[in-house]
Amino acid sequence: MAYTDAFKGQLAATLSEVADAGLYKDERFICNEQGVEIDVEYPRGSEKMRVLNFCANNYLGLSSHPQVIEAARKGLDERGYGMSSVRFICGTQDVHNELEKKMAAFLGKEDCILFASCFDANAAIFEVLFTDEDVLINDRLIHASLIDGIRLCNAQRDSYKNADMGHLERKLKMWKDKARHMCIVTDGVFSMDGILAPMDKICALAEEYGALVLVDDSHASGFIGKTGRGVHEHFGVMDKVDVITTTMGKALGGASGGLVAGPREITEMLRNRGRPYLFSNSVPPPIIYGAMAVVDMLSQTTELRDKLEWNAKYFREKMEAAGFNLVPGETPIIPVMLGDAKLANDMARELLNEGIYVIGFSHPVVPMGKARIRVQLSAGHDKEHIDKAVAGFIKVGEKLGVIGKGAKAGS
Ligand code: PLP
């Protein structure tokens, strides 16, 4: 047995360092289905509290939507629980192919390939497409899964300051004659700030310098853009973004699964060489059926994304009027800036006591001194839920001196 006391002690010491730094991830237990009203047990075994959820990626309120559940149940009945195989051995059903076609059409791309998660999609794509002759130029705020995917490939790497087009252009100029292919990598919506990547400008620069554009639209697919296609629709560059990676674990049903949408040669390369695709189980049938119901629903009506847009605008207006310092933006991710990490955690705890479930984010997830509470709106919220959240914020904000007389506004 190699799990010695020394090893155990070393892990315990690291865990207490994590806790001392206020970074220990304490999980709260939800005892009903994911949704707007959740029953939270915290700590485990204590009495359940019914609270309003303002921190899920359940943007369209579909995680427990009756139509999605019914479809998933049908998938379970008709095609079983799981595939017990990766896709290329015996893990591909006709419905996997059907969902890939629907997703490609929804996102306006030639083809699509499913993964167990978007983390896997991002882990697969760079290694398959790029070598040390190429360069990947990424926004500095990209998601951890893109960073890890980039690390897994041999391409040369560079980066530009968040959404700074002057900086990106300097990098493109510098690499133009040094690399075979250049690829610009960005999130569509940056999840900690809720701001959009300027895709129109990125695509214009990509065209000028001959670079590919890859966007991770996990926090946009289903609701950003007039019909919810994503940031490429919002900025009118549907056909200029070459490759989209996204998740089905947020707006698109909230269960799990990820995908890459783009040119057929790219999806075919991924089917043949993408390691997380070749060496990990295929997406289970109930999720395939659920996701198909989601895409069908979103292709027929924009009702949910329109409600979400209204909700986000309403919450933003009320909070600004109350004197809170918000990151300006137009997405349903609305950070309430507080600056101090302890203040952010105290505020989240007090809000939970008021029946509002939100989380405080601090360093290293966000820059030092930029602690915040990230509020996420959902189409599942009704006006009365938002009014209750705003009232809770005002009550706690005044108590902690964030707003009102003598307030120290966060940066
Ligand atoms: N990309 C971004 C931008 C994300 O925010 C996330 C999830 O947090 C992922 C990828 C990973 O998605 P998945 O949960 O499908 O692995």
# chains A, B, ... in the order shown; residues from 1 in each chain; ligands from 1

call {"tool": "residues_near_ligand", "arguments": {"ligand": "ligand 1", "cutoff": "7 Å", "atoms": "only C-alpha atoms and all ligand atoms", "output": "count of residues only"}}
result
19

call {"tool": "residues_around", "arguments": {"residues": "Ala312 in chain A", "least_positions_apart": "6", "cutoff": "8 Å", "atoms": "only C-alpha atoms", "output": "list in words"}}
result
Glu330, Thr331, Pro332, Ile333, Ile334 and Leu377 of chain A

call {"tool": "closest_atom_pairs", "arguments": {"of": "range 243-353 of chain A", "to": "range 85-109 of chain A", "cutoff": "7 Å", "atoms": "only C-alpha atoms", "output": "JSON lines"}}
result
{"residue": "A:Ala261", "atom": "CA", "partner": "A:Lys109", "partner_atom": "CA", "distance": 5.9}
{"residue": "A:Gly262", "atom": "CA", "partner": "A:Lys109", "partner_atom": "CA", "distance": 5.2}
{"residue": "A:Pro263", "atom": "CA", "partner": "A:Lys109", "partner_atom": "CA", "distance": 6.9}
{"residue": "A:Leu278", "atom": "CA", "partner": "A:Val86", "partner_atom": "CA", "distance": 6.4}
{"residue": "A:Phe279", "atom": "CA", "partner": "A:Val86", "partner_atom": "CA", "distance": 6.5}
{"residue": "A:Ser280", "atom": "CA", "partner": "A:Val86", "partner_atom": "CA", "distance": 5.6}
{"residue": "A:Asn281", "atom": "CA", "partner": "A:Val86", "partner_atom": "CA", "distance": 4.3}
{"residue": "A:Ser282", "atom": "CA", "partner": "A:Val86", "partner_atom": "CA", "distance": 5.1}
{"residue": "A:Ile288", "atom": "CA", "partner": "A:His96", "partner_atom": "CA", "distance": 6.6}
{"residue": "A:Met292", "atom": "CA", "partner": "A:Leu99", "partner_atom": "CA", "distance": 5.9}

call {"tool": "closest_residue", "arguments": {"among": "A:Ile244, A:Met199, A:Ala21, A:Leu308", "to": "Gly380 in chain A", "atoms": "only C-alpha atoms"}}
result
A:Leu308

call {"tool": "select_by_dssp", "arguments": {"residues": "range 7-147 of chain A", "states": "strand (DSSP E or B)", "output": "number ranges by chain"}}
result
A: 29-30, 37-41, 49-53, 111-115, 135-139

call {"tool": "residues_around", "arguments": {"residues": "range 293-307 of chain A", "least_positions_apart": "3", "cutoff": "7 Å", "atoms": "only C-alpha atoms", "output": "short mmCIF file (atom, residue, chain, number, x, y, z; two decimals) with N, CA, C and O atoms, in the first residue's frame"}}
result
data_model
loop_
_atom_site.label_atom_id
_atom_site.label_comp_id
_atom_site.auth_asym_id
_atom_site.auth_seq_id
_atom_site.Cartn_x
_atom_site.Cartn_y
_atom_site.Cartn_z
N LEU A 60 -32.35 29.01 -20.58
CA LEU A 60 -33.68 28.98 -21.19
C LEU A 60 -34.70 28.25 -20.33
O LEU A 60 -35.85 28.05 -20.74
N VAL A 68 -38.88 18.42 -22.63
CA VAL A 68 -37.54 17.82 -22.72
C VAL A 68 -37.51 16.51 -21.93
O VAL A 68 -36.98 15.49 -22.39
N ALA A 71 -39.31 13.87 -23.89
CA ALA A 71 -38.49 13.37 -25.00
C ALA A 71 -37.39 12.44 -24.48
O ALA A 71 -37.13 11.38 -25.06
N PHE A 223 -29.53 31.31 -27.18
CA PHE A 223 -30.20 32.55 -26.75
C PHE A 223 -29.56 33.86 -27.19
O PHE A 223 -30.19 34.90 -27.13
N THR A 227 -32.37 34.87 -33.22
CA THR A 227 -33.05 33.56 -33.11
C THR A 227 -32.25 32.58 -32.27
O THR A 227 -32.45 31.37 -32.35
N GLY A 228 -31.32 33.12 -31.47
CA GLY A 228 -30.62 32.28 -30.49
C GLY A 228 -29.51 31.40 -31.05
O GLY A 228 -29.09 30.45 -30.40
N LEU A 252 -28.94 24.61 -23.83
CA LEU A 252 -29.51 23.59 -24.73
C LEU A 252 -29.94 22.32 -23.97
O LEU A 252 -29.58 21.21 -24.34
N GLY A 253 -30.68 22.49 -22.91
CA GLY A 253 -31.23 21.35 -22.17
C GLY A 253 -30.59 21.14 -20.82
O GLY A 253 -31.21 20.61 -19.91
N TYR A 289 -32.24 12.38 -27.33
CA TYR A 289 -33.66 12.70 -27.57
C TYR A 289 -34.02 14.05 -26.94
O TYR A 289 -34.73 14.87 -27.53
N GLY A 290 -33.54 14.28 -25.71
CA GLY A 290 -33.83 15.55 -25.02
C GLY A 290 -33.27 16.73 -25.82
O GLY A 290 -33.97 17.73 -26.03
N TRP A 310 -35.71 39.90 -21.93
CA TRP A 310 -36.51 40.85 -21.15
C TRP A 310 -36.10 40.76 -19.66
O TRP A 310 -35.88 41.79 -19.00
N ASN A 311 -35.98 39.54 -19.17
CA ASN A 311 -35.62 39.34 -17.76
C ASN A 311 -34.28 40.00 -17.42
O ASN A 311 -34.14 40.66 -16.39
N ALA A 379 -34.87 32.12 -18.48
CA ALA A 379 -36.23 32.33 -18.99
C ALA A 379 -37.24 31.70 -18.04
O ALA A 379 -38.43 32.00 -18.10
#

call {"tool": "residues_around", "arguments": {"residues": "Ile150 in chain A", "least_positions_apart": "2", "cutoff": "9 Å", "atoms": "only C-alpha atoms", "output": "PyMOL selection string"}}
result
chain A and resi 122-123+125-127+136+145-148+152-155+157

call {"tool": "select_by_dssp", "arguments": {"residues": "range 121-276 of chain A", "states": "helix (DSSP H, G or I)", "output": "NGL selection string"}}
result
:A and (121-129 or 144-151 or 165-175 or 199-209 or 231-234 or 264-273 or 275-276)

call {"tool": "closest_residue", "arguments": {"among": "A:Ile69, A:Val366, A:Leu270, A:Met1", "to": "Phe190 in chain A", "atoms": "only C-alpha atoms"}}
result
A:Val366

call {"tool": "residues_around", "arguments": {"residues": "Glu384 in chain A", "least_positions_apart": "5", "cutoff": "12 Å", "atoms": "only C-alpha atoms", "output": "ChimeraX atom specification"}}
result
/A:36,52,311,314-315,389-391

call {"tool": "residues_around", "arguments": {"residues": "Asp346 in chain A", "least_positions_apart": "6", "cutoff": "10 Å", "atoms": "only C-alpha atoms", "output": "VMD selection string"}}
result
chain A and resid 352 359 to 360 396 400

call {"tool": "atom_distance", "arguments": {"atom1": "CA of Lys161 in chain A", "atom2": "CA of Leu141 in chain A"}}
result
7.9 Å

call {"tool": "residues_around", "arguments": {"residues": "Glu207 in chain A", "least_positions_apart": "6", "cutoff": "12 Å", "atoms": "only C-alpha atoms", "output": "ChimeraX atom specification"}}
result
/A:169,172,182-184,199-201,213,237,239-242
